[in-house]
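Trainee: target.pdb is reproduced below (PDB, C-alpha atoms).
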```
ATOM      1  CA  MET A  18      -1.224 243.125  48.258
ATOM      2  CA  LYS A  19       0.188 245.580  50.725
ATOM      3  CA  GLU A  20       3.411 247.393  49.797
ATOM      4  CA  PRO A  21       6.139 247.255  52.466
ATOM      5  CA  ASN A  22       6.904 250.631  53.946
ATOM      6  CA  ASP A  23      10.338 252.207  54.095
ATOM      7  CA  GLU A  24      11.101 250.814  57.535
ATOM      8  CA  GLN A  25      10.324 247.252  56.453
ATOM      9  CA  ARG A  26      12.400 247.620  53.293
ATOM     10  CA  LEU A  27      15.271 249.000  55.321
ATOM     11  CA  GLN A  28      15.003 246.020  57.682
ATOM     12  CA  GLN A  29      15.017 243.599  54.726
ATOM     13  CA  ILE A  30      18.078 245.297  53.257
ATOM     14  CA  HIS A  31      19.816 245.182  56.634
ATOM     15  CA  GLU A  32      19.117 241.451  56.981
ATOM     16  CA  LYS A  33      20.389 240.776  53.468
ATOM     17  CA  VAL A  34      23.578 242.779  54.103
ATOM     18  CA  GLN A  35      24.126 240.833  57.326
ATOM     19  CA  GLU A  36      23.683 237.561  55.430
ATOM     20  CA  ILE A  37      26.172 238.634  52.750
ATOM     21  CA  ALA A  38      28.679 239.737  55.406
ATOM     22  CA  ALA A  39      28.379 236.363  57.158
ATOM     23  CA  ASN A  40      28.929 234.537  53.843
ATOM     24  CA  ILE A  41      32.014 236.611  53.074
ATOM     25  CA  GLU A  42      33.372 235.944  56.557
ATOM     26  CA  ARG A  43      32.788 232.197  56.128
ATOM     27  CA  THR A  44      34.698 232.123  52.836
ATOM     28  CA  GLN A  45      37.617 233.951  54.497
ATOM     29  CA  ILE A  46      37.997 236.210  51.507
ATOM     30  CA  ALA A  47      39.945 238.738  53.589
ATOM     31  CA  ASP A  48      42.641 236.134  54.282
ATOM     32  CA  TYR A  49      42.753 235.241  50.595
ATOM     33  CA  VAL A  50      43.138 238.887  49.559
ATOM     34  CA  ALA A  51      45.870 239.377  52.166
ATOM     35  CA  LEU A  52      47.688 236.325  50.808
ATOM     36  CA  MET A  53      47.406 237.611  47.226
ATOM     37  CA  ASN A  54      48.980 240.890  48.330
ATOM     38  CA  ARG A  55      52.063 239.027  49.634
ATOM     39  CA  PRO A  56      53.428 237.047  46.668
ATOM     40  CA  ARG A  57      56.551 235.852  48.508
ATOM     41  CA  ARG A  58      54.441 234.272  51.242
ATOM     42  CA  LEU A  59      52.217 232.688  48.589
ATOM     43  CA  LEU A  60      55.269 231.202  46.836
ATOM     44  CA  TRP A  61      56.662 229.951  50.149
ATOM     45  CA  ILE A  62      53.367 228.270  51.080
ATOM     46  CA  ASN A  63      53.053 226.703  47.627
ATOM     47  CA  PHE A  64      56.668 225.496  47.802
ATOM     48  CA  TRP A  65      56.095 223.661  51.083
ATOM     49  CA  THR A  66      52.767 222.339  49.858
ATOM     50  CA  GLY A  67      54.507 220.876  46.812
ATOM     51  CA  ILE A  68      57.266 219.331  48.925
ATOM     52  CA  SER A  69      54.663 217.776  51.229
ATOM     53  CA  ARG A  70      52.680 216.366  48.326
ATOM     54  CA  GLY A  71      55.791 214.926  46.705
ATOM     55  CA  VAL A  72      56.932 213.227  49.902
ATOM     56  CA  GLY A  73      53.414 211.929  50.538
ATOM     57  CA  ILE A  74      53.149 210.496  47.040
ATOM     58  CA  ALA A  75      56.584 208.861  47.328
ATOM     59  CA  VAL A  76      55.804 207.288  50.699
ATOM     60  CA  GLY A  77      52.345 206.195  49.571
ATOM     61  CA  PHE A  78      53.632 204.640  46.364
ATOM     62  CA  THR A  79      56.429 202.857  48.225
ATOM     63  CA  ILE A  80      53.938 201.312  50.646
ATOM     64  CA  PHE A  81      51.583 200.411  47.805
ATOM     65  CA  ALA A  82      54.346 198.861  45.691
ATOM     66  CA  SER A  83      55.721 196.866  48.617
ATOM     67  CA  VAL A  84      52.257 195.449  49.367
ATOM     68  CA  ILE A  85      51.801 194.517  45.696
ATOM     69  CA  LEU A  86      55.250 192.922  45.614
ATOM     70  CA  TYR A  87      54.474 190.959  48.778
ATOM     71  CA  VAL A  88      51.213 189.698  47.261
ATOM     72  CA  LEU A  89      52.965 188.757  44.023
ATOM     73  CA  ARG A  90      55.629 186.833  45.940
ATOM     74  CA  ALA A  91      52.924 185.000  47.869
ATOM     75  CA  LEU A  92      51.165 184.146  44.603
ATOM     76  CA  GLY A  93      54.443 183.065  43.032
ATOM     77  CA  ALA A  94      55.088 180.702  45.952
ATOM     78  CA  LEU A  95      51.803 178.945  45.222
ATOM     79  CA  ASN A  96      53.160 177.646  41.908
ATOM     80  CA  LEU A  97      50.011 178.399  39.973
ATOM     81  CA  PRO A  98      50.321 176.868  36.505
ATOM     82  CA  ILE A  99      49.586 179.822  34.214
ATOM     83  CA  ILE A 100      50.341 182.951  36.178
ATOM     84  CA  GLY A 101      53.080 181.525  38.416
ATOM     85  CA  GLY A 102      55.796 181.987  35.800
ATOM     86  CA  PHE A 103      54.539 185.431  34.889
ATOM     87  CA  ILE A 104      54.570 186.538  38.527
ATOM     88  CA  ALA A 105      58.023 185.052  39.037
ATOM     89  CA  ASP A 106      59.303 187.090  36.076
ATOM     90  CA  ILE A 107      57.810 190.272  37.512
ATOM     91  CA  VAL A 108      59.388 189.626  40.916
ATOM     92  CA  LYS A 109      62.771 188.937  39.266
ATOM     93  CA  HIS A 110      62.583 192.203  37.318
ATOM     94  CA  VAL A 111      61.671 194.188  40.417
ATOM     95  CA  GLN A 112      64.470 192.627  42.458
ATOM     96  CA  TYR A 113      66.871 193.281  39.603
ATOM     97  CA  GLN A 114      65.865 196.963  39.616
ATOM     98  CA  LEU A 115      66.104 197.209  43.406
ATOM     99  CA  GLU A 116      69.651 195.823  43.372
ATOM    100  CA  GLY A 117      70.708 198.731  41.171
ATOM    101  CA  ARG A 118      71.404 196.759  38.035
ATOM    102  CA  GLY A 119      68.548 198.408  36.186
ATOM    103  CA  TYR A 120      68.337 199.529  32.626
TER     104      TYR A 120
END
```
Re-express the file's structure as structure tokens.
Mentor:
Amino acid sequence: MKEPNDEQRLQQIHEKVQEIAANIERTQIADYVALMNRPRRLLWINFWTGISRGVGIAVGFTIFASVILYVLRALGALNLPIIGGFIADIVKHVQYQLEGRGY
């Protein structure tokens, strides 16, 4: 098998370095390093990220719970023999909590 000469090896190294540089650019490691060098900005970004997540979770859970409550009320109105009373109790407890007379 023929050994690659110096020019071919240099070309292979150049191509590999170009590939590595493109991968580093894609991962945006320079932006990450810049962010790590500015801890106040990192804290500020994380603060707003946490606030956004908390609000999103609260809104999502409220929508989810209201849909579940609506379905339970609809099931309770059907007067199903076994689960009708159970569902009615759940709806009463939820309404009791919503009126502010909770535990």
Trainee: Separation of atom CA of Leu95 of chain A and atom CA of Ala82 of chain A, in Å?
Mentor: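 Between these atoms lies a distance of 20.1 Å.
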Trainee: Let me know the residues the PyMOL selection byres ((chain A and resi 111-116) around 12) catches in the file above, as a list of chain:residue names.
Mentor: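 Checked against the file, the PyMOL selection byres ((chain A and resi 111-116) around 12) matches A:Ala82, A:Ser83, A:Ile85, A:Leu86, A:Tyr87, A:Leu89, A:Arg90, A:Ile104, A:Ala105, A:Asp106, A:Ile107, A:Val108, A:Lys109, A:His110, A:Gly117, A:Arg118, A:Gly119, A:Tyr120.
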Trainee: Atom CA of Asn40 of chain A and atom CA of Arg26 of chain A, how far apart in Å?
Mentor: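 Straight-line distance from atom CA of Arg26 of chain A to atom CA of Asn40 of chain A works out to 21.1 Å.
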Trainee: What is the atom CA of Gln28 of chain A-atom CA of Ala47 of chain A distance in Å, reported with one decimal?
Mentor: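 If I compute the distance from atom CA of Gln28 of chain A to atom CA of Ala47 of chain A, I get 26.3 Å.
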